[in-house]
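**Student:** Right, I'll just put the structure down here and ask away after.
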There are 2 protein chains.
Amino acid sequence: MPLQDHMKLVSVDDHVIEHPEVWRDRLPKSFGDRLPHVVRTTGGESLAGGGELLPERDVWVYDGDIYPQIGLNAVAGKKWEDFGIDPYRFSEMRPGCYDPAERVKDMDTEGVWAQTTFPSLPGFGGRFFLNGSDRELALQCVQAWNDFIIDEWCAAAPERFIPLMILPVWDIERSVAEIGRMAGKGARGISFIENPAAAGLPSWHTGHWDSVFAAAVETELPLCMHFGSSGSMPSVSKDAPFTTAIVLSNTSSMATCVDLLFSPVFHRFPKLQVALSEGGIGWVPWLLERTDHIWQRHRHYNDIDFDTRPSELFRRNIWTCFIDDRHGMGLRESIGIDRITWESDYPHADSNFPHSRKAAAEHFADVPDDETHKIAELNARRLFRFPDNTKGAA
Amino acid sequence: MPLQDHMKLVSVDDHVIEHPEVWRDRLPKSFGDRLPHVVRTTGGESLAGGGELLPERDVWVYDGDIYPQIGLNAVAGKKWEDFGIDPYRFSEMRPGCYDPAERVKDMDTEGVWAQTTFPSLPGFGGRFFLNGSDRELALQCVQAWNDFIIDEWCAAAPERFIPLMILPVWDIERSVAEIGRMAGKGARGISFIENPAAAGLPSWHTGHWDSVFAAAVETELPLCMHFGSSGSMPSVSKDAPFTTAIVLSNTSSMATCVDLLFSPVFHRFPKLQVALSEGGIGWVPWLLERTDHIWQRHRHYNDIDFDTRPSELFRRNIWTCFIDDRHGMGLRESIGIDRITWESDYPHADSNFPHSRKAAAEHFADVPDDETHKIAELNARRLFRFPDNTKGAA
């Protein structure tokens, strides 16, 4: 009897669509139209990165530049036949995309107990606020998003939402201060950039992030590295169908994984925990065998840890998750049953809404009860200390 | 009794290091120093892509620009402890790297019966000759390399070498003509660019390559797409140890695989055969499940074949290979036993020289005889029609 009724599904990767007033509700009116706000296009507006907009679309404006919504962010509830690059307007989305009370109803419908809160406009890792030149404005926008998540979104149902925070990634001291502030407010994880070097920031090999990692360890907050959060995509033909990049997005998580395993990060911070958000699981045993093999052979002329196999670091510091991955479920022993978590990906196109629990149950059909319980619920609770028993929460 | 004595190891991925006179031996002296030739550096020479050279290194010069040797191309026979980015001189390499008679001796030493002939200076897919502006010189260089492979390298032991050819990739008509010419001379495969778009050429989605693919089908020559042949590397930190890119090189083969499966290529050319050279095998079942899943869900708004599952195309049109991949060997049924081949990778750093047969045998320890024979020998012979029984060869 796998995935029994008493096992609650706890998802480690889900996406909040910010409503239009998130920033204007919280920040001084003196910032005026420089704050992120939503406008309806009339057609022909120019984009910062080139191109023009069609009329009748809701788009974000920040510090004078336009950033279109990406519809695949919010297709929950549509039939596959109706998938597309739209929606282009809030009115075309399910309210569960941007309204936490409606979100909880959708979670009840599909049998998901708890969910995380990845950002949309700010980018999965907060990278968006590297745009613009006013760092004070950007810092306040990051803090406002973090406050919105705790005070508005998660406050609507604290037992049901696992609050993730973002960082002012351009400033280490302020990032450390923000971790402290948000840990105090109840944040349970940090949505971090999967490859800071690809986003124009110092890499994991530099020591630049050491005090951020130290703060994450100190506050017991895992770093959630969602594929795509660095802004780089897998290298395929530019005119390939979008399906190509969707399939290959997991290879970004493989790159994050290996880049980290060969960096000094886990040696300097043995307690740091990293989640490969939406990374998939079926490739893990193959990649670990290959990483150990190359480490064994090539460590002699590379500046990497000589004594610890990368696969040992993986099992100590990295967490994986899946939505649809039958092959991976069959390999769960090799991946590490204590490190596999489940995700719903609501409201993105990979989500099985409103059939998430049914789809998960099919994966667990041949999995022993104790393993099912770990993968469906307990591992995610352990990863995020959710609820935090040390504080006597429910 | 797996890998029995009567089973010959036939490798699908091995590298010829061109000796310094390959081009000067064959092309008119009137080209002078514009032909590829080797010089010893004195130190401080400038590279076309930036940077300076250290003294006492053998480097190639082509049409006025310097292209350093990459030592990892030729480490066969070294201990792992002695691996590095060197060698920097021909005198530091095993003669088997650049001398076909010596190569055969090395193959005998390690128990490999037959091998392919991927290029070194020209790039795996011939991309190198996109450099420079003299297309007539470039065409003659491509043809000279192809002649060298058949007339000099393979002629030294025709039963032991599977000749691969390269194309003048900038010119479709001349590519088609060269395929015809080389098929007549006995070529058995075409070393092609794994992602032409990344190399600045039209993608597989354009129809640009149709007459090349038609010629490949007509002459029954498979396209061998070696990772790295487009010149792009996996996206990792620039300061990551080289091990990181080595591990992730297989993700380039994944990208090639998915980009092709979602392109019109296999629909227009159902008989075209593609080998993912050095691509590995352990990731295949995971990737096929994911590709089918995304196809099922997202084909409605993408311009891709609506009726054929990508995994069906894979099993009809794509070939895989491995060097060290225990995990993959365990998954051979899901990958397709008729489509897995073995490679030695001599003289590159992933090679197990001089223990290739021993390393392969360990993979086959629990594999039934008939499957071992297919994977070790018969599949590669079928892929390359080697020897070509229709011509009565041995």
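Please note that chains go A, B, ... in the order of the structure tokens, that every chain numbers its residues from 1, and that ligands are numbered from 1 in the order shown.
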Once you count only C-alpha atoms, which residues of chain B turn out to be within 6 Å of chain A? Could you give them as a list in words?
**Tutor:**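 Using only C-alpha atoms, chain B residues at most 6 Å from chain A: Trp80, Glu81, Gly84, Ala197, Ser203, Ser237, Pro241, Thr244, Val247, Asp259, Gly282, Trp283, Trp286, Thr291, Arg297, His300, Tyr301, Asn302 and His327 of chain B.
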**Student:** As JSON, numbers by chain, please: all residues of segment 196-315 of chain B that backbone DSSP puts in strand (DSSP E or B).
**Tutor:** {"B": [223, 224, 225, 226, 274, 275, 276, 277]}
**Student:** Between A:Arg103, A:Trp60, A:Thr109, A:Asp25, which has the minimum distance to Trp145 of chain A (counting only C-alpha atoms)?
**Tutor:**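 For Trp145 of chain A, the nearest of the given residues is A:Asp25.
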**Student:** Using only C-alpha atoms, which protein or nucleic acid residues come within 9 Å of Ile190 of chain B? Drop anything in the same chain fewer than 6 positions from it, and give the result as a PyMOL selection string.
**Tutor:** chain B and resi 125+163-167+179+216+221-225
**Student:** Using the selection just defined, write its residues with C-alpha atoms as a PDB file, in the first residue's frame.
**Tutor:**
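Here's the written file again_20.pdb:
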```pdb
ATOM      1  CA  GLY B 125      34.128  17.281 -37.407  1.00  0.00           C
ATOM      2  CA  PRO B 163      38.370   5.053 -42.185  1.00  0.00           C
ATOM      3  CA  LEU B 164      36.405   8.153 -41.212  1.00  0.00           C
ATOM      4  CA  MET B 165      36.328  11.160 -43.512  1.00  0.00           C
ATOM      5  CA  ILE B 166      35.675  14.864 -42.978  1.00  0.00           C
ATOM      6  CA  LEU B 167      33.735  17.385 -45.071  1.00  0.00           C
ATOM      7  CA  ILE B 179      31.287  12.033 -49.857  1.00  0.00           C
ATOM      8  CA  ALA B 216      25.263   9.789 -46.500  1.00  0.00           C
ATOM      9  CA  LEU B 221      27.973   6.190 -44.334  1.00  0.00           C
ATOM     10  CA  PRO B 222      26.980   6.944 -40.727  1.00  0.00           C
ATOM     11  CA  LEU B 223      27.555  10.418 -39.304  1.00  0.00           C
ATOM     12  CA  CYS B 224      29.843  10.253 -36.274  1.00  0.00           C
ATOM     13  CA  MET B 225      29.196  13.190 -33.968  1.00  0.00           C
TER      14      MET B 225
END
```
**Student:** May I ask for the distance between atom CA of Arg268 of chain B and atom CA of Val212 of chain B, given in Å to one decimal place?
**Tutor:**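 Going from atom CA of Arg268 of chain B over to atom CA of Val212 of chain B, I get 12.3 Å.
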**Student:** Can you tell me, as a VMD selection string, what residues are no more than 9 Å from Pro354 of chain A when counting only C-alpha atoms, ignoring any on the same chain fewer than 6 positions away?
**Tutor:** chain A and resid 76 to 77 106 to 107 109 to 111
**Student:** Those same residues - N, CA, C and O atoms - I'd like them written as a PDB file, in the first residue's frame.
**Tutor:**
```
ATOM      1  N   ALA A  76      -0.859  25.901 -15.099  1.00  0.00           N
ATOM      2  CA  ALA A  76      -1.579  24.923 -14.265  1.00  0.00           C
ATOM      3  C   ALA A  76      -3.054  24.909 -14.610  1.00  0.00           C
ATOM      4  O   ALA A  76      -3.695  25.950 -14.707  1.00  0.00           O
ATOM      5  N   GLY A  77      -3.575  23.709 -14.797  1.00  0.00           N
ATOM      6  CA  GLY A  77      -4.992  23.563 -15.044  1.00  0.00           C
ATOM      7  C   GLY A  77      -5.362  23.514 -16.509  1.00  0.00           C
ATOM      8  O   GLY A  77      -6.485  23.153 -16.851  1.00  0.00           O
ATOM      9  N   ASP A 106      -6.084  24.801  -4.558  1.00  0.00           N
ATOM     10  CA  ASP A 106      -5.543  23.952  -5.626  1.00  0.00           C
ATOM     11  C   ASP A 106      -4.708  22.808  -5.045  1.00  0.00           C
ATOM     12  O   ASP A 106      -4.744  21.679  -5.542  1.00  0.00           O
ATOM     13  N   MET A 107      -3.961  23.111  -3.993  1.00  0.00           N
ATOM     14  CA  MET A 107      -3.165  22.055  -3.349  1.00  0.00           C
ATOM     15  C   MET A 107      -4.087  20.988  -2.758  1.00  0.00           C
ATOM     16  O   MET A 107      -3.803  19.784  -2.849  1.00  0.00           O
ATOM     17  N   THR A 109      -7.039  20.251  -3.856  1.00  0.00           N
ATOM     18  CA  THR A 109      -7.598  19.530  -5.006  1.00  0.00           C
ATOM     19  C   THR A 109      -6.669  18.437  -5.494  1.00  0.00           C
ATOM     20  O   THR A 109      -7.096  17.334  -5.833  1.00  0.00           O
ATOM     21  N   GLU A 110      -5.376  18.738  -5.520  1.00  0.00           N
ATOM     22  CA  GLU A 110      -4.468  17.747  -6.103  1.00  0.00           C
ATOM     23  C   GLU A 110      -3.737  16.922  -5.049  1.00  0.00           C
ATOM     24  O   GLU A 110      -2.886  16.108  -5.400  1.00  0.00           O
ATOM     25  N   GLY A 111      -4.074  17.130  -3.776  1.00  0.00           N
ATOM     26  CA  GLY A 111      -3.514  16.268  -2.735  1.00  0.00           C
ATOM     27  C   GLY A 111      -2.087  16.571  -2.343  1.00  0.00           C
ATOM     28  O   GLY A 111      -1.324  15.674  -2.002  1.00  0.00           O
TER      29      GLY A 111
END
```
**Student:** Just the number, please: distance in Å from atom CA of Pro270 of chain A to atom CA of Ala214 of chain A, one decimal.
**Tutor:** 10.3 Å
**Student:** When you look at Val39 of chain A with a cut-off of 12 Å (counting only C-alpha atoms), what residues show up, excluding the ones that are within fewer than 6 positions of it in the same chain? I need them as a list in words.
**Tutor:**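 Residues meeting the cut-off are Pro20, Glu21, Asp33, Glu45, Pro55, Glu56, Arg57, Asp58, Val59, Trp60, Val61, Tyr62, Gly64, Asp65, Ile66, Tyr67, Pro68, Gln69, Tyr88, Arg89 and Phe90 of chain A.
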**Student:** Write down as a PyMOL selection string the residues of segment 182-229 of chain A whose backbone DSSP state falls under helix (DSSP H, G or I).
**Tutor:** chain A and resi 182-185+196-199+210-218
**Student:** Which is closest to Ala177 of chain B among B:Arg160, B:His208, B:Gln273, B:Ala215, if we use only C-alpha atoms?
**Tutor:**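 Of all the options, B:Ala215 lies closest to Ala177 of chain B.
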**Student:** Would you work out the distance separating atom CA of Ala376 of chain A from atom CA of Gly330 of chain A, expressed in Å to one decimal?
**Tutor:**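 According to the coordinates, atom CA of Ala376 of chain A and atom CA of Gly330 of chain A are separated by 15.1 Å.
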**Student:** Can you tell me, as a count of residues only, what residues are no more than 8 Å from Gln143 of chain B when counting only C-alpha atoms, ignoring any on the same chain fewer than 4 positions away?
**Tutor:** 3
**Student:** Which polymer residues have any atom within 6 Å of an atom of Leu9 of chain B, counting only C-alpha atoms, with same-chain residues fewer than 4 positions away left out, as a count of residues only?
**Tutor:** 4
